[in-house]
>>> print(open('my_file.csv').read())   # CSV, C-alpha atoms
chain,number,residue,atom,x,y,z
A,83,MET,CA,-16.9,0.0,-17.4
A,84,ASP,CA,-18.3,-2.9,-15.4
A,85,LYS,CA,-20.5,-2.3,-12.3
A,86,LEU,CA,-18.3,-3.8,-9.6
A,87,SER,CA,-18.7,-4.7,-6.0
A,88,GLY,CA,-16.5,-6.1,-3.2
A,89,ILE,CA,-13.5,-3.9,-4.1
A,90,PHE,CA,-10.6,-3.9,-1.6
A,91,ASP,CA,-8.4,-0.8,-1.8
A,92,THR,CA,-5.3,-2.2,-0.2
A,93,HIS,CA,-3.5,1.2,0.2
A,94,ALA,CA,-5.1,4.6,0.8
A,95,HIS,CA,-4.3,7.7,2.8
A,96,TYR,CA,-7.6,9.1,4.0
A,97,ASP,CA,-5.8,10.8,7.0
A,98,ASP,CA,-4.2,13.1,4.4
A,99,GLU,CA,-5.1,16.8,4.7
A,100,ARG,CA,-6.6,16.8,1.2
A,101,PHE,CA,-9.6,15.0,2.7
A,102,ASP,CA,-10.1,17.4,5.6
A,103,GLY,CA,-13.0,19.2,3.9
A,104,ASP,CA,-15.1,16.2,3.0
A,105,ARG,CA,-13.6,13.0,4.5
A,106,ASP,CA,-16.8,11.6,6.1
A,107,LYS,CA,-18.8,12.4,2.9
A,108,VAL,CA,-16.3,10.5,0.7
A,109,LEU,CA,-16.0,7.5,3.0
A,110,SER,CA,-19.7,7.2,3.8
A,111,SER,CA,-20.5,6.7,0.1
A,112,MET,CA,-17.9,4.0,-0.6
A,113,ASN,CA,-20.3,1.1,-0.6
A,114,ASP,CA,-22.4,2.9,-3.2
A,115,TYR,CA,-19.5,2.5,-5.6
A,116,GLY,CA,-18.7,-1.1,-4.8
A,117,VAL,CA,-15.8,-0.4,-2.4
A,118,SER,CA,-16.2,-2.8,0.5
A,119,TYR,CA,-12.8,-2.7,2.2
A,120,ILE,CA,-10.0,-0.2,2.6
A,121,CYS,CA,-6.6,-0.3,4.3
A,122,ASN,CA,-5.5,3.2,5.4
A,123,VAL,CA,-1.8,3.3,5.5
A,124,SER,CA,0.2,5.7,7.8
A,125,SER,CA,3.2,7.7,6.9
A,126,ASP,CA,4.3,9.1,10.3
A,127,LEU,CA,3.3,8.9,14.0
A,128,LYS,CA,0.6,11.5,13.6
A,129,GLY,CA,-0.8,9.6,10.7
A,130,CYS,CA,-0.8,6.4,12.8
A,131,LYS,CA,-3.1,8.1,15.4
A,132,ASN,CA,-5.4,9.5,12.7
A,133,SER,CA,-5.6,6.1,11.0
A,134,LEU,CA,-6.6,4.5,14.3
A,135,GLU,CA,-9.4,7.0,14.6
A,136,LEU,CA,-10.6,6.1,11.2
A,137,VAL,CA,-10.7,2.4,11.9
A,138,ASN,CA,-12.7,3.0,15.1
A,139,LYS,CA,-15.2,5.0,13.1
A,140,TYR,CA,-15.6,2.8,10.0
A,141,ASP,CA,-16.2,-0.9,10.2
A,142,PHE,CA,-14.9,-1.5,6.6
A,143,ILE,CA,-11.6,0.3,7.2
A,144,TYR,CA,-8.4,-1.4,8.4
A,145,CYS,CA,-5.0,0.3,8.8
A,146,ALA,CA,-1.3,-0.1,8.7
A,147,THR,CA,1.0,1.8,11.2
A,148,GLY,CA,4.5,2.8,10.3
A,149,VAL,CA,6.9,5.6,9.3
A,150,HIS,CA,7.6,6.4,5.6
A,151,PRO,CA,11.2,6.7,4.6
A,152,ILE,CA,11.0,10.5,3.9
A,153,CYS,CA,9.6,10.9,7.4
A,154,ILE,CA,12.2,8.9,9.2
A,155,GLU,CA,14.3,11.7,10.6
A,156,ASN,CA,13.6,13.8,13.7
A,157,LEU,CA,11.6,11.0,15.4
A,158,PRO,CA,11.4,10.7,19.2
A,159,SER,CA,13.7,8.2,20.8
A,160,ASP,CA,10.7,5.9,21.7
A,161,TRP,CA,9.1,5.8,18.2
A,162,ILE,CA,9.4,2.1,17.8
A,163,LYS,CA,7.8,1.6,21.2
A,164,LYS,CA,5.0,3.9,20.0
A,165,LEU,CA,4.5,1.9,16.8
A,166,SER,CA,4.4,-1.3,18.9
A,167,GLU,CA,1.6,0.2,21.0
A,168,TYR,CA,-0.4,1.3,18.0
A,169,ALA,CA,-0.2,-2.2,16.5
A,170,LYS,CA,-2.1,-3.6,19.5
A,171,CYS,CA,-5.3,-2.5,17.9
A,172,ASN,CA,-6.9,-5.6,16.2
A,173,LYS,CA,-7.6,-3.6,13.1
A,174,VAL,CA,-3.9,-2.9,12.5
A,175,VAL,CA,-3.2,-5.4,9.8
A,176,ALA,CA,0.4,-4.4,8.8
A,177,ILE,CA,3.4,-2.3,9.5
A,178,GLY,CA,3.6,0.4,6.9
A,179,GLU,CA,4.4,2.1,4.9
A,180,ILE,CA,8.1,1.6,5.4
A,181,GLY,CA,11.0,1.3,3.0
A,182,LEU,CA,13.5,3.4,1.1
A,183,ASP,CA,13.1,6.5,-1.1
A,184,TYR,CA,16.2,7.9,-2.8
A,185,HIS,CA,14.4,10.2,-5.2
A,186,TYR,CA,14.7,13.6,-3.4
A,187,GLU,CA,17.9,15.3,-2.6
A,188,GLY,CA,19.2,15.6,0.9
A,189,TYR,CA,18.1,12.2,2.2
A,190,SER,CA,20.3,10.1,4.5
A,191,LYS,CA,20.6,6.6,3.2
A,192,SER,CA,22.0,5.3,6.5
A,193,LYS,CA,19.0,6.7,8.4
A,194,GLN,CA,16.5,5.4,6.0
A,195,ILE,CA,18.0,1.9,6.0
A,196,ASP,CA,18.2,1.9,9.8
A,197,GLY,CA,14.5,3.0,10.1
A,198,PHE,CA,13.5,0.4,7.5
A,199,GLU,CA,15.4,-2.4,9.3
A,200,ARG,CA,14.0,-1.4,12.7
A,201,GLN,CA,10.5,-1.5,11.4
A,202,MET,CA,11.1,-4.9,9.7
A,203,ASP,CA,12.3,-6.2,13.0
A,204,LEU,CA,9.2,-4.9,14.7
A,205,ALA,CA,7.0,-6.6,12.1
A,206,GLN,CA,8.9,-9.8,12.7
A,207,SER,CA,8.5,-9.6,16.5
A,208,LEU,CA,4.7,-8.8,16.1
A,209,ASP,CA,4.2,-11.4,13.3
A,210,LEU,CA,2.7,-8.8,11.0
A,211,PRO,CA,3.1,-8.3,7.2
A,212,VAL,CA,4.6,-5.1,6.0
A,213,ILE,CA,3.8,-2.5,3.2
A,214,ILE,CA,6.9,-1.4,1.5
A,215,HIS,CA,7.6,1.9,-0.4
A,216,SER,CA,10.6,1.6,-2.7
A,217,ARG,CA,11.6,4.4,-5.0
A,218,GLU,CA,14.9,4.4,-6.9
A,219,ALA,CA,16.3,2.0,-4.2
A,220,THR,CA,15.6,-1.5,-5.6
A,221,ASN,CA,18.9,-3.2,-4.7
A,222,ASP,CA,19.0,-1.9,-1.1
A,223,THR,CA,15.3,-2.7,-0.6
A,224,LEU,CA,15.9,-6.3,-1.7
A,225,ASP,CA,18.9,-6.6,0.5
A,226,VAL,CA,16.8,-5.6,3.6
A,227,ILE,CA,14.0,-7.9,2.6
A,228,ARG,CA,16.4,-10.8,2.3
A,229,ASN,CA,17.8,-10.1,5.8
A,230,PHE,CA,14.3,-10.7,7.2
A,231,PRO,CA,13.2,-14.0,5.6
A,232,LYS,CA,10.4,-14.4,8.2
A,233,VAL,CA,8.7,-11.1,7.1
A,234,SER,CA,6.5,-10.9,4.1
A,235,GLY,CA,4.1,-8.3,2.7
A,236,VAL,CA,3.6,-6.2,-0.4
A,237,VAL,CA,5.7,-3.7,-2.4
A,238,HIS,CA,3.1,-1.1,-3.1
A,239,CYS,CA,2.8,1.0,-6.2
A,240,PHE,CA,5.3,-1.3,-7.8
A,241,SER,CA,7.5,0.5,-10.4
A,242,GLY,CA,10.2,-2.1,-11.0
A,243,SER,CA,11.0,-4.6,-13.7
A,244,VAL,CA,9.5,-8.0,-14.4
A,245,LYS,CA,12.8,-9.5,-13.1
A,246,THR,CA,12.5,-7.6,-9.8
A,247,ALA,CA,8.9,-8.6,-9.5
A,248,PHE,CA,9.7,-12.3,-9.8
A,249,THR,CA,12.5,-11.9,-7.3
A,250,LEU,CA,9.9,-10.7,-4.8
A,251,LEU,CA,7.4,-13.3,-5.8
A,252,ASP,CA,10.0,-16.0,-5.2
A,253,LEU,CA,10.4,-14.6,-1.7
A,254,GLY,CA,6.7,-14.9,-1.1
A,255,TRP,CA,5.7,-11.2,-1.6
A,256,TYR,CA,2.8,-9.5,-3.2
A,257,ILE,CA,2.9,-6.8,-5.9
A,258,GLY,CA,0.6,-3.7,-5.6
A,259,PHE,CA,-0.7,-1.9,-8.7
A,260,THR,CA,-2.1,1.7,-8.6
A,261,GLY,CA,-3.6,3.9,-11.2
A,262,VAL,CA,-0.1,4.1,-12.8
A,263,VAL,CA,-1.0,1.0,-14.8
A,264,THR,CA,-3.6,3.0,-16.7
A,265,PHE,CA,-1.1,5.7,-17.8
A,266,LYS,CA,-0.1,5.7,-21.5
A,267,ASN,CA,3.6,5.7,-20.7
A,268,ALA,CA,3.4,2.9,-18.1
A,269,LYS,CA,4.7,0.2,-20.4
A,270,LYS,CA,6.9,-1.4,-17.8
A,271,THR,CA,4.1,-1.6,-15.2
A,272,VAL,CA,1.7,-3.1,-17.8
A,273,GLU,CA,4.3,-5.8,-18.6
A,274,VAL,CA,4.6,-6.6,-14.9
A,275,ALA,CA,0.9,-6.8,-14.5
A,276,LYS,CA,0.7,-9.2,-17.5
A,277,GLU,CA,3.3,-11.5,-16.0
A,278,VAL,CA,2.5,-11.5,-12.3
A,279,PRO,CA,0.4,-14.6,-11.4
A,280,ASN,CA,-3.1,-14.0,-10.3
A,281,GLU,CA,-2.6,-15.1,-6.8
A,282,ARG,CA,0.2,-12.6,-6.1
A,283,PHE,CA,-1.1,-9.1,-6.9
A,284,VAL,CA,-3.4,-6.6,-5.2
A,285,ILE,CA,-4.9,-3.3,-6.4
A,286,GLU,CA,-4.7,0.0,-4.6
A,287,THR,CA,-5.2,3.7,-5.1
A,288,ASP,CA,-2.5,5.3,-2.9
A,289,CYS,CA,-5.1,8.1,-2.7
A,290,PRO,CA,-5.1,11.1,-2.7
A,291,TYR,CA,-2.2,10.4,-5.1
A,292,MET,CA,-2.0,8.4,-8.4
A,293,ALA,CA,-5.4,9.0,-9.8
A,294,PRO,CA,-5.9,6.7,-12.8
A,295,GLU,CA,-7.1,7.7,-16.2
A,296,PRO,CA,-9.5,9.3,-16.9
A,297,TRP,CA,-9.1,11.2,-13.6
A,298,ARG,CA,-5.3,11.7,-13.8
A,299,GLY,CA,-4.2,14.9,-12.1
A,300,SER,CA,-7.2,15.1,-9.8
A,301,ARG,CA,-7.6,14.0,-6.1
A,302,CYS,CA,-7.8,10.3,-6.1
A,303,ASP,CA,-10.2,8.2,-4.0
A,304,SER,CA,-11.1,4.5,-3.7
A,305,THR,CA,-14.1,4.8,-6.1
A,306,MET,CA,-11.6,5.3,-8.9
A,307,LEU,CA,-10.2,1.8,-8.4
A,308,VAL,CA,-12.7,0.5,-10.9
A,309,SER,CA,-10.4,2.0,-13.6
A,310,VAL,CA,-7.4,0.0,-12.3
A,311,ALA,CA,-9.5,-3.2,-12.2
A,312,ASN,CA,-10.7,-2.7,-15.8
A,313,LYS,CA,-7.2,-2.0,-17.1
A,314,ILE,CA,-5.8,-5.1,-15.4
A,315,ALA,CA,-8.7,-7.1,-16.7
A,316,GLU,CA,-7.8,-5.9,-20.2
A,317,ILE,CA,-4.1,-6.8,-19.7
A,318,LYS,CA,-4.8,-10.2,-18.3
A,319,GLY,CA,-7.7,-11.2,-20.6
A,320,MET,CA,-10.4,-11.5,-17.9
A,321,SER,CA,-13.4,-9.6,-16.6
A,322,ALA,CA,-13.0,-6.7,-14.1
A,323,SER,CA,-15.2,-8.7,-11.7
A,324,GLU,CA,-12.7,-11.5,-11.8
A,325,VAL,CA,-9.9,-9.0,-11.0
A,326,VAL,CA,-11.9,-7.6,-8.1
A,327,ASN,CA,-12.6,-11.1,-6.7
A,328,ILE,CA,-9.1,-12.3,-7.1
A,329,THR,CA,-7.5,-9.2,-5.5
A,330,ARG,CA,-10.0,-9.2,-2.7
A,331,LYS,CA,-9.0,-12.8,-1.8
A,332,ASN,CA,-5.3,-11.8,-2.2
A,333,ALA,CA,-5.8,-8.9,0.1
A,334,PHE,CA,-7.5,-11.1,2.7
A,335,ASP,CA,-4.5,-13.4,2.5
A,336,LEU,CA,-1.9,-10.6,2.6
A,337,TYR,CA,-3.5,-8.9,5.6
A,338,ARG,CA,-4.4,-12.3,7.2
A,339,LEU,CA,-8.1,-11.4,7.5
A,340,ASN,CA,-10.7,-14.0,8.1
A,341,LEU,CA,-14.0,-12.3,7.1
>>> encode(input="my_file.csv", output="structure tokens")
Amino acid sequence: MDKLSGIFDTHAHYDDERFDGDRDKVLSSMNDYGVSYICNVSSDLKGCKNSLELVNKYDFIYCATGVHPICIENLPSDWIKKLSEYAKCNKVVAIGEIGLDYHYEGYSKSKQIDGFERQMDLAQSLDLPVIIHSREATNDTLDVIRNFPKVSGVVHCFSGSVKTAFTLLDLGWYIGFTGVVTFKNAKKTVEVAKEVPNERFVIETDCPYMAPEPWRGSRCDSTMLVSVANKIAEIKGMSASEVVNITRKNAFDLYRLNL
């Protein structure tokens, strides 16, 4: 694998309890592995607070504040107000992760859609991009996106078809690729990676989840993003350094960073 530098992990969860034992050790060594930027993405209100603590501690970390669809129930009545307050931090670069997840039994579609729409409305009012989680909910996700034409962002850990990807691209969105693209059974994701234009995709770990090959099944961290860059380089017929440079610029554009 290439020795890479300037990597931007656009979606990580270092506030996750799986990093409680060695979080500082892991993060303090990132630059040694070529990781220069990380966006830590919140899943609930507690995660928002923890993410803000991380960005205050590490210069190279930015964050997104939002509520994941599986965490949307049993929120306090002022939760949108709280998100609005969190977003005042200048290192909050997006609202996320938000969206829809119809995978697990017992979910409330109406509550998920309402929570999604309220956070899209917040992003619109704050003029911030969003990070969307969409699992087994493609049509409803697209419907909500179309209802907020002034809002753009990224669909992270993209698992849809080439057709869905191009629908999002036509609407001005980015596509996020995780370690899934390295899996042997990820033929659909590989096809999407091949077809998505260079200026419209970013790379991410979604750590501690989605560890790429050859680490699949272990706790993921941003240093493993080199495997994703190498796989996409193979798919697109370019060098891994080119992938890193392209996706870093795309991440700056996505999160509106001027560094």
>>> residues_near_point(input="my_file.csv", point="(6.7, 1.7, 5.1)", cutoff="6 Å", atoms="all atoms listed in the file", output="MDAnalysis selection string")
chainID A and resid 148:150 178:181 213:215
>>> closest_residue(input="my_file.csv", among="A:Val174, A:Ile152, A:Ile162, A:Val284", to="Tyr186 in chain A", atoms="all atoms listed in the file")
A:Ile152
>>> residues_around(input="my_file.csv", residues="Val325 in chain A", least_positions_apart="2", cutoff="8 Å", atoms="all atoms listed in the file", output="PyMOL selection string")
chain A and resi 311-312+314-315+320-323+327-329
>>> closest_residue(input="my_file.csv", among="A:Asn340, A:Ser234, A:Ser304, A:Ser125", to="Tyr256 in chain A", atoms="all atoms listed in the file")
A:Ser234
>>> atom_distance(input="my_file.csv", atom1="CA of Gly258 in chain A", atom2="CA of Val236 in chain A")
6.5 Å
>>> closest_residue(input="my_file.csv", among="A:Leu182, A:Ile177, A:Val326, A:Leu127", to="Gln206 in chain A", atoms="all atoms listed in the file")
A:Ile177
>>> residues_around(input="my_file.csv", residues="Cys171 in chain A", least_positions_apart="2", cutoff="12 Å", atoms="all atoms listed in the file", output="list in words")
Cys130, Lys131, Ser133, Leu134, Glu135, Val137, Asn138, Tyr144, Cys145, Ala146, Thr147, Leu165, Ser166, Glu167, Tyr168, Ala169, Lys173, Val174, Val175, Ala176 and Leu208 of chain A
>>> decode(input="my_file.csv", residues="range 162-197 of chain A", atoms="C-alpha atoms", output="short mmCIF file (atom, residue, chain, number, x, y, z; two decimals), in the first residue's frame")
data_model
loop_
_atom_site.label_atom_id
_atom_site.label_comp_id
_atom_site.auth_asym_id
_atom_site.auth_seq_id
_atom_site.Cartn_x
_atom_site.Cartn_y
_atom_site.Cartn_z
CA ILE A 162 -33.93 21.10 18.27
CA LYS A 163 -33.08 24.17 20.33
CA LYS A 164 -30.21 22.24 21.90
CA LEU A 165 -28.89 21.24 18.47
CA SER A 166 -29.10 24.85 17.36
CA GLU A 167 -27.02 25.89 20.39
CA TYR A 168 -24.42 23.19 19.74
CA ALA A 169 -24.10 24.31 16.12
CA LYS A 170 -22.89 27.77 17.22
CA CYS A 171 -19.42 26.28 17.69
CA ASN A 172 -17.33 27.27 14.68
CA LYS A 173 -15.96 23.73 14.37
CA VAL A 174 -19.43 22.27 13.82
CA VAL A 175 -19.40 21.77 10.06
CA ALA A 176 -22.67 19.89 9.50
CA ILE A 177 -25.90 18.63 11.02
CA GLY A 178 -25.65 14.88 11.36
CA GLU A 179 -25.97 12.16 11.30
CA ILE A 180 -29.64 12.33 10.47
CA GLY A 181 -31.95 10.33 8.24
CA LEU A 182 -33.95 7.12 8.19
CA ASP A 183 -33.28 3.53 9.25
CA TYR A 184 -35.96 0.91 8.61
CA HIS A 185 -33.73 -2.09 9.29
CA TYR A 186 -34.63 -2.93 12.88
CA GLU A 187 -38.06 -4.01 14.07
CA GLY A 188 -40.11 -1.69 16.24
CA TYR A 189 -39.20 1.61 14.62
CA SER A 190 -41.72 4.39 14.06
CA LYS A 191 -41.59 5.58 10.47
CA SER A 192 -43.57 8.71 11.27
CA LYS A 193 -41.27 9.71 14.15
CA GLN A 194 -38.16 9.08 12.07
CA ILE A 195 -39.46 11.16 9.17
CA ASP A 196 -40.53 13.95 11.51
CA GLY A 197 -37.13 14.00 13.22
#
